[in-house]
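Chemist: The structure under discussion is supplied below as structure tokens; questions concerning it will follow.
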Amino acid sequence: MDGILGAIKLNGVYDIIAQLIGFLGLIGSMTAYQMKTQKKIVTVQIVSCSFFTLHFLMLGAYTGALMNLIAAVRSVVFANKDKKWGKSNLWIVFFSIVCIIAVAFTWEGYLSLLPMAGMVLTTISWGIEKANLVRIISLPSSPLWIIYNFASKSTAGVLTELFVMTSIITAIIRLDIRKKNK
């Protein structure tokens, strides 16, 4: 493999298993939005985040692992925005603060700030009702995660974020820019 992914080397069976678990997370990320109900989307996202949590733990990338664990819990809460306890915008503040505090427990140097910032951006975007703003605010999260994934040797993580970023950009062009120009 050449290019970006060629720089990520596998050192043995353990690393191969770690990458395979990450690819299960990638498959979950890619299929989640193809589900017919919001409940199924969230369920698949939670499973995907769980695979990525284990993947990052196996890679020794503890900030990535904890951010994905937080994302799984966040998915449960945001899936219940139709319920009284899930409606509050305080959840956005709560999960953003949790992400910031979590970095103190998993500090891997300044690299830890990248997934934390990505998670905060995603958390803010999930709390917004307007789809175009969700896309715009979510977009910077992917490059932050790509850098972290590359440094953490997460092939599946790099591919996941490239897929997500491509999907967001496609949606911005298709749904926001073209719609605005019509």
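All residue names refer to the structure tokens as shown: chains lettered A, B, ... in order, residues numbered from 1 in each chain, ligands numbered from 1 in order.
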Show me, as a list of chain:residue names, the residues that have an atom within 9 Å of Leu162 (chain A) when counting only C-alpha atoms, minus same-chain residues fewer than 3 positions from it.
Modeler: A:Ser142, A:Pro143, A:Ile146, A:Gly157, A:Val158, A:Leu159, A:Met165, A:Thr166, A:Ser167
Chemist: For the contact check between region 105-161 of chain A and region 18-39 of chain A, emit one row per residue of region 105-161 of chain A within 9 Å, containing the shortest atom pair and the distance in Å rounded to one decimal, counting only C-alpha atoms, chain then rising number order, as JSON lines.
Modeler:
```
{"residue": "A:Lys153", "atom": "CA", "partner": "A:Gln19", "partner_atom": "CA", "distance": 8.8}
{"residue": "A:Ser154", "atom": "CA", "partner": "A:Gln19", "partner_atom": "CA", "distance": 6.8}
{"residue": "A:Thr155", "atom": "CA", "partner": "A:Gln19", "partner_atom": "CA", "distance": 6.7}
{"residue": "A:Ala156", "atom": "CA", "partner": "A:Phe23", "partner_atom": "CA", "distance": 5.1}
{"residue": "A:Gly157", "atom": "CA", "partner": "A:Gly22", "partner_atom": "CA", "distance": 6.8}
{"residue": "A:Leu159", "atom": "CA", "partner": "A:Leu26", "partner_atom": "CA", "distance": 7.6}
{"residue": "A:Thr160", "atom": "CA", "partner": "A:Leu26", "partner_atom": "CA", "distance": 5.4}
```
Chemist: Each residue of region 5-74 of chain A with at least one atom at most 12 Å from region 78-92 of chain A should appear once, together with its nearest atom pair and the corresponding distance in Å (one decimal); atoms considered: only C-alpha atoms; ordering: chain, then increasing residue number; output as JSON lines.
Modeler:
```
{"residue": "A:Thr37", "atom": "CA", "partner": "A:Ala79", "partner_atom": "CA", "distance": 10.9}
{"residue": "A:Gln38", "atom": "CA", "partner": "A:Ala79", "partner_atom": "CA", "distance": 7.3}
{"residue": "A:Lys39", "atom": "CA", "partner": "A:Ala79", "partner_atom": "CA", "distance": 7.0}
{"residue": "A:Lys40", "atom": "CA", "partner": "A:Ala79", "partner_atom": "CA", "distance": 10.0}
{"residue": "A:Ile41", "atom": "CA", "partner": "A:Ala79", "partner_atom": "CA", "distance": 9.1}
{"residue": "A:Val42", "atom": "CA", "partner": "A:Ala79", "partner_atom": "CA", "distance": 6.5}
{"residue": "A:Thr43", "atom": "CA", "partner": "A:Ala79", "partner_atom": "CA", "distance": 9.3}
{"residue": "A:Val44", "atom": "CA", "partner": "A:Ala79", "partner_atom": "CA", "distance": 11.9}
{"residue": "A:Gln45", "atom": "CA", "partner": "A:Ala79", "partner_atom": "CA", "distance": 10.6}
{"residue": "A:Ile46", "atom": "CA", "partner": "A:Ala79", "partner_atom": "CA", "distance": 10.7}
{"residue": "A:Ala71", "atom": "CA", "partner": "A:Phe78", "partner_atom": "CA", "distance": 10.1}
{"residue": "A:Ala72", "atom": "CA", "partner": "A:Phe78", "partner_atom": "CA", "distance": 10.1}
{"residue": "A:Val73", "atom": "CA", "partner": "A:Phe78", "partner_atom": "CA", "distance": 8.8}
{"residue": "A:Arg74", "atom": "CA", "partner": "A:Phe78", "partner_atom": "CA", "distance": 6.1}
```
Chemist: So that I have them on file, write out the residues from the current selection with N, CA, C and O atoms, as a PDB file, in the first residue's frame.
Modeler:
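Below is the file again29.pdb, written as the result:
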```
ATOM      1  N   THR A  37     -35.076   3.408  10.540  1.00  0.00           N
ATOM      2  CA  THR A  37     -35.602   4.137  11.693  1.00  0.00           C
ATOM      3  C   THR A  37     -34.462   4.775  12.468  1.00  0.00           C
ATOM      4  O   THR A  37     -33.322   4.303  12.436  1.00  0.00           O
ATOM      5  N   GLN A  38     -34.804   5.846  13.174  1.00  0.00           N
ATOM      6  CA  GLN A  38     -33.811   6.545  13.978  1.00  0.00           C
ATOM      7  C   GLN A  38     -33.253   5.629  15.060  1.00  0.00           C
ATOM      8  O   GLN A  38     -32.078   5.645  15.356  1.00  0.00           O
ATOM      9  N   LYS A  39     -34.097   4.794  15.635  1.00  0.00           N
ATOM     10  CA  LYS A  39     -33.668   3.865  16.683  1.00  0.00           C
ATOM     11  C   LYS A  39     -32.605   2.900  16.145  1.00  0.00           C
ATOM     12  O   LYS A  39     -31.611   2.631  16.810  1.00  0.00           O
ATOM     13  N   LYS A  40     -32.812   2.403  14.926  1.00  0.00           N
ATOM     14  CA  LYS A  40     -31.826   1.498  14.330  1.00  0.00           C
ATOM     15  C   LYS A  40     -30.531   2.235  13.987  1.00  0.00           C
ATOM     16  O   LYS A  40     -29.438   1.696  14.154  1.00  0.00           O
ATOM     17  N   ILE A  41     -30.662   3.471  13.512  1.00  0.00           N
ATOM     18  CA  ILE A  41     -29.471   4.279  13.214  1.00  0.00           C
ATOM     19  C   ILE A  41     -28.624   4.420  14.472  1.00  0.00           C
ATOM     20  O   ILE A  41     -27.420   4.181  14.466  1.00  0.00           O
ATOM     21  N   VAL A  42     -29.276   4.804  15.570  1.00  0.00           N
ATOM     22  CA  VAL A  42     -28.567   5.019  16.829  1.00  0.00           C
ATOM     23  C   VAL A  42     -27.968   3.715  17.347  1.00  0.00           C
ATOM     24  O   VAL A  42     -26.832   3.688  17.814  1.00  0.00           O
ATOM     25  N   THR A  43     -28.710   2.623  17.220  1.00  0.00           N
ATOM     26  CA  THR A  43     -28.203   1.330  17.681  1.00  0.00           C
ATOM     27  C   THR A  43     -26.935   0.948  16.929  1.00  0.00           C
ATOM     28  O   THR A  43     -25.939   0.542  17.536  1.00  0.00           O
ATOM     29  N   VAL A  44     -26.946   1.111  15.616  1.00  0.00           N
ATOM     30  CA  VAL A  44     -25.770   0.785  14.819  1.00  0.00           C
ATOM     31  C   VAL A  44     -24.616   1.738  15.155  1.00  0.00           C
ATOM     32  O   VAL A  44     -23.456   1.323  15.235  1.00  0.00           O
ATOM     33  N   GLN A  45     -24.920   3.016  15.403  1.00  0.00           N
ATOM     34  CA  GLN A  45     -23.873   3.973  15.787  1.00  0.00           C
ATOM     35  C   GLN A  45     -23.242   3.581  17.125  1.00  0.00           C
ATOM     36  O   GLN A  45     -22.024   3.694  17.289  1.00  0.00           O
ATOM     37  N   ILE A  46     -24.069   3.138  18.056  1.00  0.00           N
ATOM     38  CA  ILE A  46     -23.546   2.734  19.360  1.00  0.00           C
ATOM     39  C   ILE A  46     -22.624   1.529  19.201  1.00  0.00           C
ATOM     40  O   ILE A  46     -21.537   1.483  19.783  1.00  0.00           O
ATOM     41  N   ALA A  71     -19.033   9.107  22.804  1.00  0.00           N
ATOM     42  CA  ALA A  71     -19.920   9.232  21.638  1.00  0.00           C
ATOM     43  C   ALA A  71     -21.049   8.206  21.695  1.00  0.00           C
ATOM     44  O   ALA A  71     -22.182   8.509  21.310  1.00  0.00           O
ATOM     45  N   ALA A  72     -20.763   7.018  22.191  1.00  0.00           N
ATOM     46  CA  ALA A  72     -21.810   5.992  22.308  1.00  0.00           C
ATOM     47  C   ALA A  72     -22.886   6.443  23.292  1.00  0.00           C
ATOM     48  O   ALA A  72     -24.084   6.348  23.006  1.00  0.00           O
ATOM     49  N   VAL A  73     -22.459   6.971  24.430  1.00  0.00           N
ATOM     50  CA  VAL A  73     -23.417   7.454  25.436  1.00  0.00           C
ATOM     51  C   VAL A  73     -24.175   8.665  24.891  1.00  0.00           C
ATOM     52  O   VAL A  73     -25.394   8.770  25.045  1.00  0.00           O
ATOM     53  N   ARG A  74     -23.458   9.551  24.229  1.00  0.00           N
ATOM     54  CA  ARG A  74     -24.080  10.735  23.629  1.00  0.00           C
ATOM     55  C   ARG A  74     -25.154  10.330  22.622  1.00  0.00           C
ATOM     56  O   ARG A  74     -26.224  10.936  22.556  1.00  0.00           O
TER      57      ARG A  74
END
```
Chemist: Which value, in Å to one decimal, gives the distance between CA of Phe56 (chain A) and CA of Ala117 (chain A)?
Modeler: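 Atom-to-atom, CA of Phe56 (chain A) to CA of Ala117 (chain A), that is 17.2 Å.
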Chemist: Taking the chain letters and numbering used in this document, name the residues of region 5-131 of chain A that DSSP puts in helix (DSSP H, G or I), as a PyMOL selection string.
Modeler: chain A and resi 5-6+13-32+38-59+62-78+84-86+90-106+110-126+131
Chemist: When you look at Ile147 (chain A) with a cut-off of 9 Å (counting only C-alpha atoms), what residues show up, excluding the ones that are within fewer than 3 positions of it in the same chain? I need them as a VMD selection string.
Modeler: chain A and resid 111 114 to 115 142 to 144 150 to 152 158
Chemist: Kindly indicate which residue among A:Asn149, A:Ser96, A:Thr106, A:Ser112 lies nearest to Gly127 (chain A), using only C-alpha atoms for the distances.
Modeler: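 Looking only at the distances to Gly127 (chain A), the closest residue turns out to be A:Ser96.
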